[in-house]
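Just upload.pdb here, PDB, C-alpha atoms, pLDDT in the B column:
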ATOM      1  CA  MET A   1     151.523  42.686 222.602  1.00 62.00           C
ATOM      2  CA  SER A   2     150.993  39.182 221.483  1.00 87.00           C
ATOM      3  CA  GLN A   3     148.032  37.195 222.680  1.00 87.00           C
ATOM      4  CA  GLU A   4     150.303  34.894 224.736  1.00 88.00           C
ATOM      5  CA  LYS A   5     151.678  37.831 226.675  1.00 89.00           C
ATOM      6  CA  VAL A   6     148.193  39.192 227.280  1.00 88.00           C
ATOM      7  CA  ASP A   7     146.967  35.824 228.556  1.00 85.00           C
ATOM      8  CA  ARG A   8     150.019  35.433 230.817  1.00 87.00           C
ATOM      9  CA  TYR A   9     149.489  38.944 232.210  1.00 86.00           C
ATOM     10  CA  LYS A  10     145.818  38.198 232.942  1.00 85.00           C
ATOM     11  CA  LYS A  11     146.700  34.972 234.766  1.00 84.00           C
ATOM     12  CA  GLU A  12     149.390  36.749 236.754  1.00 85.00           C
ATOM     13  CA  LYS A  13     147.024  39.558 237.644  1.00 83.00           C
ATOM     14  CA  ALA A  14     144.315  37.099 238.709  1.00 85.00           C
ATOM     15  CA  ASN A  15     146.720  35.321 241.100  1.00 85.00           C
ATOM     16  CA  ARG A  16     148.563  38.417 242.259  1.00 88.00           C
ATOM     17  CA  LYS A  17     146.943  38.538 245.717  1.00 88.00           C
ATOM     18  CA  GLN A  18     147.678  34.892 246.387  1.00 90.00           C
ATOM     19  CA  ASN A  19     151.253  35.277 245.161  1.00 90.00           C
ATOM     20  CA  MET A  20     151.762  38.322 247.388  1.00 92.00           C
ATOM     21  CA  LYS A  21     150.450  36.394 250.415  1.00 93.00           C
ATOM     22  CA  LYS A  22     152.815  33.513 249.658  1.00 93.00           C
ATOM     23  CA  GLN A  23     155.756  35.892 249.340  1.00 95.00           C
ATOM     24  CA  LYS A  24     154.898  37.682 252.584  1.00 96.00           C
ATOM     25  CA  LEU A  25     154.535  34.370 254.410  1.00 96.00           C
ATOM     26  CA  ALA A  26     157.836  33.104 253.014  1.00 97.00           C
ATOM     27  CA  ASN A  27     159.566  36.331 254.095  1.00 97.00           C
ATOM     28  CA  ALA A  28     158.087  36.069 257.597  1.00 97.00           C
ATOM     29  CA  VAL A  29     159.223  32.439 257.907  1.00 97.00           C
ATOM     30  CA  ARG A  30     162.739  33.381 256.765  1.00 98.00           C
ATOM     31  CA  LYS A  31     162.886  36.213 259.302  1.00 98.00           C
ATOM     32  CA  CYS A  32     161.753  33.897 262.108  1.00 98.00           C
ATOM     33  CA  ILE A  33     164.341  31.272 261.192  1.00 98.00           C
ATOM     34  CA  VAL A  34     167.114  33.871 261.076  1.00 98.00           C
ATOM     35  CA  ALA A  35     165.977  35.273 264.447  1.00 98.00           C
ATOM     36  CA  VAL A  36     165.983  31.820 266.069  1.00 98.00           C
ATOM     37  CA  ILE A  37     169.426  31.016 264.673  1.00 98.00           C
ATOM     38  CA  GLY A  38     170.716  34.393 265.883  1.00 97.00           C
ATOM     39  CA  LEU A  39     169.263  33.821 269.322  1.00 98.00           C
ATOM     40  CA  LEU A  40     170.808  30.362 269.530  1.00 97.00           C
ATOM     41  CA  LEU A  41     174.153  31.806 268.492  1.00 97.00           C
ATOM     42  CA  VAL A  42     174.009  34.498 271.165  1.00 97.00           C
ATOM     43  CA  VAL A  43     173.008  31.968 273.841  1.00 97.00           C
ATOM     44  CA  TRP A  44     175.776  29.587 272.772  1.00 97.00           C
ATOM     45  CA  ILE A  45     178.401  32.356 272.899  1.00 96.00           C
ATOM     46  CA  GLY A  46     177.151  33.482 276.306  1.00 95.00           C
ATOM     47  CA  TYR A  47     177.188  29.956 277.693  1.00 94.00           C
ATOM     48  CA  SER A  48     180.685  29.331 276.330  1.00 93.00           C
ATOM     49  CA  ALA A  49     181.972  32.563 277.835  1.00 91.00           C
ATOM     50  CA  TYR A  50     180.410  31.755 281.208  1.00 90.00           C
ATOM     51  CA  ASP A  51     181.792  28.212 281.126  1.00 88.00           C
ATOM     52  CA  LEU A  52     185.264  29.558 280.345  1.00 87.00           C
ATOM     53  CA  TYR A  53     184.982  32.090 283.187  1.00 85.00           C
ATOM     54  CA  ASP A  54     183.665  29.470 285.599  1.00 81.00           C
ATOM     55  CA  SER A  55     186.408  26.952 284.751  1.00 78.00           C
ATOM     56  CA  ASN A  56     189.121  29.513 285.567  1.00 76.00           C
ATOM     57  CA  LYS A  57     187.860  30.072 289.117  1.00 75.00           C
ATOM     58  CA  GLU A  58     189.422  28.151 291.950  1.00 74.00           C
ATOM     59  CA  PRO A  59     187.243  25.352 293.244  1.00 70.00           C
ATOM     60  CA  ASP A  60     185.521  25.933 296.545  1.00 72.00           C
ATOM     61  CA  GLN A  61     186.983  24.183 299.548  1.00 79.00           C
ATOM     62  CA  VAL A  62     184.665  21.490 300.821  1.00 78.00           C
ATOM     63  CA  GLN A  63     184.620  20.383 304.433  1.00 83.00           C
ATOM     64  CA  ILE A  64     183.457  16.825 304.984  1.00 85.00           C
ATOM     65  CA  ASP A  65     182.178  15.761 308.381  1.00 86.00           C
ATOM     66  CA  TYR A  66     183.283  12.197 309.146  1.00 88.00           C
ATOM     67  CA  ARG A  67     181.781  12.048 312.656  1.00 90.00           C
ATOM     68  CA  ALA A  68     178.883   9.853 311.579  1.00 89.00           C
ATOM     69  CA  PHE A  69     181.258   7.383 309.899  1.00 87.00           C
ATOM     70  CA  ASP A  70     183.529   7.371 312.955  1.00 89.00           C
ATOM     71  CA  ASP A  71     180.552   6.762 315.271  1.00 89.00           C
ATOM     72  CA  PHE A  72     179.357   3.940 313.034  1.00 90.00           C
ATOM     73  CA  SER A  73     182.760   2.240 312.914  1.00 91.00           C
ATOM     74  CA  GLN A  74     183.139   2.654 316.688  1.00 91.00           C
ATOM     75  CA  GLY A  75     179.704   1.088 317.155  1.00 91.00           C
ATOM     76  CA  ILE A  76     180.722  -1.876 315.013  1.00 91.00           C
ATOM     77  CA  THR A  77     183.945  -2.274 317.000  1.00 91.00           C
ATOM     78  CA  ASP A  78     182.024  -2.135 320.304  1.00 89.00           C
ATOM     79  CA  ALA A  79     179.480  -4.654 319.045  1.00 89.00           C
ATOM     80  CA  ALA A  80     182.237  -7.007 317.893  1.00 87.00           C
ATOM     81  CA  ALA A  81     184.008  -6.733 321.266  1.00 87.00           C
ATOM     82  CA  LYS A  82     180.767  -7.367 323.117  1.00 86.00           C
ATOM     83  CA  ALA A  83     180.016 -10.396 320.935  1.00 83.00           C
ATOM     84  CA  ALA A  84     183.517 -11.740 321.592  1.00 82.00           C
ATOM     85  CA  GLU A  85     183.044 -11.339 325.343  1.00 82.00           C
ATOM     86  CA  GLU A  86     179.708 -13.131 325.224  1.00 78.00           C
ATOM     87  CA  SER A  87     181.163 -15.999 323.227  1.00 75.00           C
ATOM     88  CA  GLU A  88     184.000 -16.340 325.767  1.00 74.00           C
ATOM     89  CA  THR A  89     181.559 -16.441 328.697  1.00 75.00           C
ATOM     90  CA  GLU A  90     179.433 -19.047 326.934  1.00 70.00           C
ATOM     91  CA  ALA A  91     182.490 -21.162 326.204  1.00 65.00           C
ATOM     92  CA  GLU A  92     183.403 -21.345 329.895  1.00 61.00           C
TER      93      GLU A  92
END
This structure in structure tokens:
Amino acid sequence: MSQEKVDRYKKEKANRKQNMKKQKLANAVRKCIVAVIGLLLVVWIGYSAYDLYDSNKEPDQVQIDYRAFDDFSQGITDAAAKAAEESETEAE
């Protein structure tokens, strides 16, 4: 072997542990990113399927109670009639 190859091999061997740690860390990061993307994909598909299922259902019938509004409008009408009566009695 030439001296250049021997020197390169020695440098590589000296940094082998650090290089292995870097490679392991890079592999772990890649696996985490792939897992997160996979999880997001599964959640997105599930949400889309549920939304499609939910949009096909008939809407629930809603009953609205208008008694409070009717009582309020009747109270306004009574107050207006009473005010009109009072203004007529004052005018006389």
Draw an axis-aligned box tight on the listed atoms of range 10-28 of chain A, then pad every side by 6 Å and write out centre and edge lengths in Å to one decimal as JSON.
{"center_x": 151.9, "center_y": 36.3, "center_z": 245.3, "size_x": 27.3, "size_y": 18.5, "size_z": 36.7}
### Summary
re CA of Ser73 in chain A and CA of Asp60 in chain A: distance 28.9 Å
### Message
Would you compute the distance between CA of Asn27 in chain A and CA of Tyr9 in chain A? Give it in Å to one decimal.
### Response
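These atoms are spaced 24.2 Å apart.
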Because some atoms of range 3-24 of chain A are absent here, can you restore N, CA, C and O atoms and send them as a tab-separated table (two decimals), keeping the file's coordinate frame?
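Generated file (part_0.tsv):
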chain	number	residue	atom	x	y	z
A	3	GLN	N	149.12	37.77	221.90
A	3	GLN	CA	148.03	37.20	222.68
A	3	GLN	C	148.58	36.37	223.85
A	3	GLN	O	148.00	36.35	224.93
A	4	GLU	N	149.71	35.69	223.66
A	4	GLU	CA	150.30	34.89	224.74
A	4	GLU	C	150.70	35.77	225.91
A	4	GLU	O	150.45	35.42	227.08
A	5	LYS	N	151.28	36.92	225.61
A	5	LYS	CA	151.68	37.83	226.68
A	5	LYS	C	150.46	38.38	227.41
A	5	LYS	O	150.47	38.53	228.63
A	6	VAL	N	149.42	38.67	226.67
A	6	VAL	CA	148.19	39.19	227.28
A	6	VAL	C	147.58	38.14	228.19
A	6	VAL	O	147.17	38.44	229.32
A	7	ASP	N	147.53	36.90	227.73
A	7	ASP	CA	146.97	35.82	228.56
A	7	ASP	C	147.81	35.61	229.81
A	7	ASP	O	147.27	35.40	230.90
A	8	ARG	N	149.13	35.63	229.66
A	8	ARG	CA	150.02	35.43	230.82
A	8	ARG	C	149.83	36.57	231.82
A	8	ARG	O	149.78	36.34	233.04
A	9	TYR	N	149.70	37.80	231.34
A	9	TYR	CA	149.49	38.94	232.21
A	9	TYR	C	148.17	38.82	232.96
A	9	TYR	O	148.10	39.11	234.16
A	10	LYS	N	147.12	38.36	232.30
A	10	LYS	CA	145.82	38.20	232.94
A	10	LYS	C	145.88	37.14	234.04
A	10	LYS	O	145.31	37.31	235.12
A	11	LYS	N	146.57	36.03	233.75
A	11	LYS	CA	146.70	34.97	234.77
A	11	LYS	C	147.50	35.48	235.97
A	11	LYS	O	147.16	35.20	237.11
A	12	GLU	N	148.55	36.21	235.68
A	12	GLU	CA	149.39	36.75	236.75
A	12	GLU	C	148.60	37.74	237.60
A	12	GLU	O	148.70	37.75	238.82
A	13	LYS	N	147.81	38.57	236.93
A	13	LYS	CA	147.02	39.56	237.64
A	13	LYS	C	145.94	38.88	238.48
A	13	LYS	O	145.64	39.32	239.60
A	14	ALA	N	145.37	37.80	237.98
A	14	ALA	CA	144.32	37.10	238.71
A	14	ALA	C	144.87	36.45	239.98
A	14	ALA	O	144.19	36.37	241.00
A	15	ASN	N	146.11	36.00	239.95
A	15	ASN	CA	146.72	35.32	241.10
A	15	ASN	C	147.65	36.23	241.90
A	15	ASN	O	148.38	35.75	242.77
A	16	ARG	N	147.62	37.50	241.62
A	16	ARG	CA	148.56	38.42	242.26
A	16	ARG	C	148.39	38.45	243.78
A	16	ARG	O	149.38	38.43	244.51
A	17	LYS	N	147.17	38.48	244.27
A	17	LYS	CA	146.94	38.54	245.72
A	17	LYS	C	147.47	37.28	246.41
A	17	LYS	O	148.10	37.35	247.46
A	18	GLN	N	147.20	36.14	245.81
A	18	GLN	CA	147.68	34.89	246.39
A	18	GLN	C	149.21	34.84	246.37
A	18	GLN	O	149.83	34.40	247.34
A	19	ASN	N	149.79	35.28	245.26
A	19	ASN	CA	151.25	35.28	245.16
A	19	ASN	C	151.88	36.22	246.19
A	19	ASN	O	152.91	35.91	246.78
A	20	MET	N	151.26	37.37	246.40
A	20	MET	CA	151.76	38.32	247.39
A	20	MET	C	151.68	37.73	248.79
A	20	MET	O	152.60	37.90	249.60
A	21	LYS	N	150.58	37.03	249.11
A	21	LYS	CA	150.45	36.39	250.42
A	21	LYS	C	151.53	35.34	250.61
A	21	LYS	O	152.13	35.24	251.69
A	22	LYS	N	151.77	34.55	249.58
A	22	LYS	CA	152.82	33.51	249.66
A	22	LYS	C	154.18	34.14	249.89
A	22	LYS	O	154.98	33.66	250.70
A	23	GLN	N	154.46	35.23	249.18
A	23	GLN	CA	155.76	35.89	249.34
A	23	GLN	C	155.91	36.49	250.73
A	23	GLN	O	156.96	36.39	251.36
A	24	LYS	N	154.85	37.10	251.25
A	24	LYS	CA	154.90	37.68	252.58
A	24	LYS	C	155.09	36.59	253.64
A	24	LYS	O	155.87	36.76	254.59
